[in-house]
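Working notes for the structure below.
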Amino acid sequence: MSIIRIEDPKVFIGLSADAARKEVLDHGYDVRVIRQDSRQGALIKFDYDPLRITLFIEKDQVVDATIG
């Protein structure tokens, strides 16, 4: 699968969790959800992957997104 560069991960803010995941995967990136509905991920690795989008989700809506 080819990778379509994501310049600004903030474009995913406001999308539903499923829509954001689909868009990220369609761009060839991996997805990581760090926080969903105030629940923090159990295992957080402090690693950086430029081909991964990290999503923060509240009430099934993306409230923040970062690359890495």
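Identifiers for the structure tokens are assigned positionally: chains receive A, B, ... in sequence, residues are indexed from 1 per chain, and ligands are indexed from 1 in the order shown.
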Next item on the list: Determine, counting only C-alpha atoms, which protein, DNA and RNA residues have an atom within 8 Å of an atom of A:Phe56; residues of the same chain fewer than 4 positions away are not included. Present the result as a ChimeraX atom specification.
Entry: /A:33-36,62-65
Can I get the selection written as a CSV table (one decimal), in the first residue's frame, with N, CA and C atoms?
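Output file out24.csv follows:
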chain,number,residue,atom,x,y,z
A,33,VAL,N,-4.7,4.6,19.6
A,33,VAL,CA,-5.6,5.4,20.5
A,33,VAL,C,-5.0,5.4,21.9
A,34,ILE,N,-4.7,6.6,22.3
A,34,ILE,CA,-4.1,6.8,23.7
A,34,ILE,C,-5.2,7.0,24.7
A,35,ARG,N,-6.2,7.7,24.4
A,35,ARG,CA,-7.2,8.0,25.4
A,35,ARG,C,-8.6,7.9,24.7
A,36,GLN,N,-9.5,7.2,25.3
A,36,GLN,CA,-10.9,7.1,24.8
A,36,GLN,C,-11.8,7.2,26.0
A,62,VAL,N,-13.1,12.4,17.7
A,62,VAL,CA,-11.7,12.7,17.9
A,62,VAL,C,-11.5,14.1,18.4
A,63,VAL,N,-10.9,14.3,19.5
A,63,VAL,CA,-10.7,15.6,20.1
A,63,VAL,C,-9.2,16.1,20.0
A,64,ASP,N,-8.3,15.2,19.6
A,64,ASP,CA,-6.9,15.6,19.4
A,64,ASP,C,-6.3,14.5,18.6
A,65,ALA,N,-5.3,14.8,17.8
A,65,ALA,CA,-4.5,13.9,17.0
A,65,ALA,C,-3.1,14.4,16.8
Next item on the list: May I have all residues of chain A that DSSP, computed from the backbone, assigns to helix (DSSP H, G or I), given as a PyMOL selection string?
Entry: chain A and resi 9-12+17-26
Next item on the list: Give the strand (DSSP E) residues of chain A, as DSSP finds them on the backbone, and put them as a ChimeraX atom specification.
Entry: /A:30-36,39-40,52-58,61-67
Notebook entry, point to check: Pick from A:Arg52, A:Phe46, A:Glu58, A:Gly68: nearest to A:Arg21, with only C-alpha atoms counted?
Noted result: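 Checking each of A:Arg52, A:Phe46, A:Glu58, A:Gly68 against A:Arg21, counting only C-alpha atoms, the winner is A:Arg52.
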Excluding A:Phe12 and its own-chain neighbours fewer than 3 positions away, which residues fall within 12 Å of it when counting only C-alpha atoms? Please give them as a PDB file with N, CA and C atoms, in the first residue's frame.
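Generated file (selection_22.pdb):
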ATOM      1  N   ILE A   6       0.338  12.786   5.497  1.00  0.00           N
ATOM      2  CA  ILE A   6      -0.571  13.580   6.315  1.00  0.00           C
ATOM      3  C   ILE A   6       0.249  14.731   6.877  1.00  0.00           C
ATOM      4  N   GLU A   7      -0.021  15.922   6.415  1.00  0.00           N
ATOM      5  CA  GLU A   7       0.721  17.104   6.852  1.00  0.00           C
ATOM      6  C   GLU A   7       0.323  17.550   8.256  1.00  0.00           C
ATOM      7  N   ASP A   8      -0.970  17.545   8.518  1.00  0.00           N
ATOM      8  CA  ASP A   8      -1.478  18.046   9.794  1.00  0.00           C
ATOM      9  C   ASP A   8      -2.501  17.064  10.354  1.00  0.00           C
ATOM     10  N   PRO A   9      -2.152  16.330  11.410  1.00  0.00           N
ATOM     11  CA  PRO A   9      -3.078  15.352  11.966  1.00  0.00           C
ATOM     12  C   PRO A   9      -4.328  15.980  12.580  1.00  0.00           C
ATOM     13  N   LEU A  15     -13.956  14.233  13.633  1.00  0.00           N
ATOM     14  CA  LEU A  15     -14.461  13.025  12.983  1.00  0.00           C
ATOM     15  C   LEU A  15     -14.852  11.995  14.035  1.00  0.00           C
ATOM     16  N   SER A  16     -15.721  11.074  13.653  1.00  0.00           N
ATOM     17  CA  SER A  16     -16.025   9.962  14.554  1.00  0.00           C
ATOM     18  C   SER A  16     -14.779   9.082  14.647  1.00  0.00           C
ATOM     19  N   ALA A  17     -14.715   8.284  15.690  1.00  0.00           N
ATOM     20  CA  ALA A  17     -13.554   7.412  15.892  1.00  0.00           C
ATOM     21  C   ALA A  17     -13.374   6.479  14.698  1.00  0.00           C
ATOM     22  N   ASP A  18     -14.455   5.877  14.228  1.00  0.00           N
ATOM     23  CA  ASP A  18     -14.361   4.943  13.099  1.00  0.00           C
ATOM     24  C   ASP A  18     -13.940   5.640  11.813  1.00  0.00           C
ATOM     25  N   ALA A  19     -14.495   6.817  11.546  1.00  0.00           N
ATOM     26  CA  ALA A  19     -14.145   7.559  10.332  1.00  0.00           C
ATOM     27  C   ALA A  19     -12.675   7.967  10.358  1.00  0.00           C
ATOM     28  N   ALA A  20     -12.188   8.404  11.506  1.00  0.00           N
ATOM     29  CA  ALA A  20     -10.785   8.813  11.618  1.00  0.00           C
ATOM     30  C   ALA A  20      -9.859   7.618  11.418  1.00  0.00           C
ATOM     31  N   ARG A  21     -10.193   6.500  12.051  1.00  0.00           N
ATOM     32  CA  ARG A  21      -9.371   5.293  11.875  1.00  0.00           C
ATOM     33  C   ARG A  21      -9.302   4.901  10.394  1.00  0.00           C
ATOM     34  N   LYS A  22     -10.430   4.912   9.730  1.00  0.00           N
ATOM     35  CA  LYS A  22     -10.468   4.546   8.314  1.00  0.00           C
ATOM     36  C   LYS A  22      -9.616   5.494   7.477  1.00  0.00           C
ATOM     37  N   GLU A  23      -9.746   6.785   7.714  1.00  0.00           N
ATOM     38  CA  GLU A  23      -8.969   7.778   6.955  1.00  0.00           C
ATOM     39  C   GLU A  23      -7.467   7.579   7.176  1.00  0.00           C
ATOM     40  N   VAL A  24      -7.080   7.393   8.424  1.00  0.00           N
ATOM     41  CA  VAL A  24      -5.661   7.202   8.743  1.00  0.00           C
ATOM     42  C   VAL A  24      -5.134   5.954   8.038  1.00  0.00           C
ATOM     43  N   VAL A  31      -2.591   3.412  13.349  1.00  0.00           N
ATOM     44  CA  VAL A  31      -3.405   4.182  14.294  1.00  0.00           C
ATOM     45  C   VAL A  31      -3.115   3.700  15.707  1.00  0.00           C
ATOM     46  N   ILE A  53      -0.511   7.756  13.488  1.00  0.00           N
ATOM     47  CA  ILE A  53      -1.326   8.849  14.004  1.00  0.00           C
ATOM     48  C   ILE A  53      -1.887   8.397  15.346  1.00  0.00           C
ATOM     49  N   THR A  54      -1.685   9.209  16.359  1.00  0.00           N
ATOM     50  CA  THR A  54      -2.209   8.934  17.691  1.00  0.00           C
ATOM     51  C   THR A  54      -3.488   9.734  17.870  1.00  0.00           C
ATOM     52  N   LEU A  55      -4.560   9.032  18.244  1.00  0.00           N
ATOM     53  CA  LEU A  55      -5.864   9.667  18.398  1.00  0.00           C
ATOM     54  C   LEU A  55      -6.273   9.742  19.860  1.00  0.00           C
ATOM     55  N   PHE A  56      -6.947  10.818  20.211  1.00  0.00           N
ATOM     56  CA  PHE A  56      -7.543  11.024  21.527  1.00  0.00           C
ATOM     57  C   PHE A  56      -9.034  11.179  21.271  1.00  0.00           C
ATOM     58  N   ILE A  57      -9.845  10.314  21.859  1.00  0.00           N
ATOM     59  CA  ILE A  57     -11.266  10.230  21.527  1.00  0.00           C
ATOM     60  C   ILE A  57     -12.128  10.443  22.764  1.00  0.00           C
ATOM     61  N   GLN A  61     -15.776  10.856  19.319  1.00  0.00           N
ATOM     62  CA  GLN A  61     -15.316  11.930  18.442  1.00  0.00           C
ATOM     63  C   GLN A  61     -13.857  12.223  18.744  1.00  0.00           C
ATOM     64  N   VAL A  62     -13.064  12.402  17.694  1.00  0.00           N
ATOM     65  CA  VAL A  62     -11.655  12.721  17.870  1.00  0.00           C
ATOM     66  C   VAL A  62     -11.534  14.147  18.396  1.00  0.00           C
ATOM     67  N   VAL A  63     -10.852  14.304  19.535  1.00  0.00           N
ATOM     68  CA  VAL A  63     -10.674  15.633  20.131  1.00  0.00           C
ATOM     69  C   VAL A  63      -9.231  16.120  19.980  1.00  0.00           C
ATOM     70  N   ASP A  64      -8.314  15.209  19.643  1.00  0.00           N
ATOM     71  CA  ASP A  64      -6.931  15.603  19.380  1.00  0.00           C
ATOM     72  C   ASP A  64      -6.278  14.484  18.589  1.00  0.00           C
ATOM     73  N   ALA A  65      -5.254  14.840  17.827  1.00  0.00           N
ATOM     74  CA  ALA A  65      -4.518  13.863  17.035  1.00  0.00           C
ATOM     75  C   ALA A  65      -3.102  14.378  16.834  1.00  0.00           C
ATOM     76  N   THR A  66      -2.147  13.463  16.917  1.00  0.00           N
ATOM     77  CA  THR A  66      -0.749  13.823  16.724  1.00  0.00           C
ATOM     78  C   THR A  66      -0.076  12.779  15.837  1.00  0.00           C
ATOM     79  N   ILE A  67       1.024  13.174  15.232  1.00  0.00           N
ATOM     80  CA  ILE A  67       1.841  12.222  14.471  1.00  0.00           C
ATOM     81  C   ILE A  67       2.852  11.618  15.419  1.00  0.00           C
TER      82      ILE A  67
END
Next item on the list: Between atom CA of A:Ser38 and atom CA of A:Leu51, measure the distance and give it in Å to one decimal.
Entry: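 Atom CA of A:Ser38 sits 25.0 Å away from atom CA of A:Leu51.
Atom to atom, atom CA of A:Ile4 and atom CA of A:Asp30 stand 12.2 Å apart.
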Margin query: So, with only C-alpha atoms as the atoms that count, which of A:Leu25, A:Lys10, A:Asp47, A:Asp37 lies closest to A:Asp60?
Written below: A:Asp37
Check: Do you know which residues are at most 9 Å from A:Arg5 counting only C-alpha atoms, after dropping those on the same chain fewer than 3 positions away, and could you put them as a ChimeraX atom specification?
Finding: /A:27-29,51
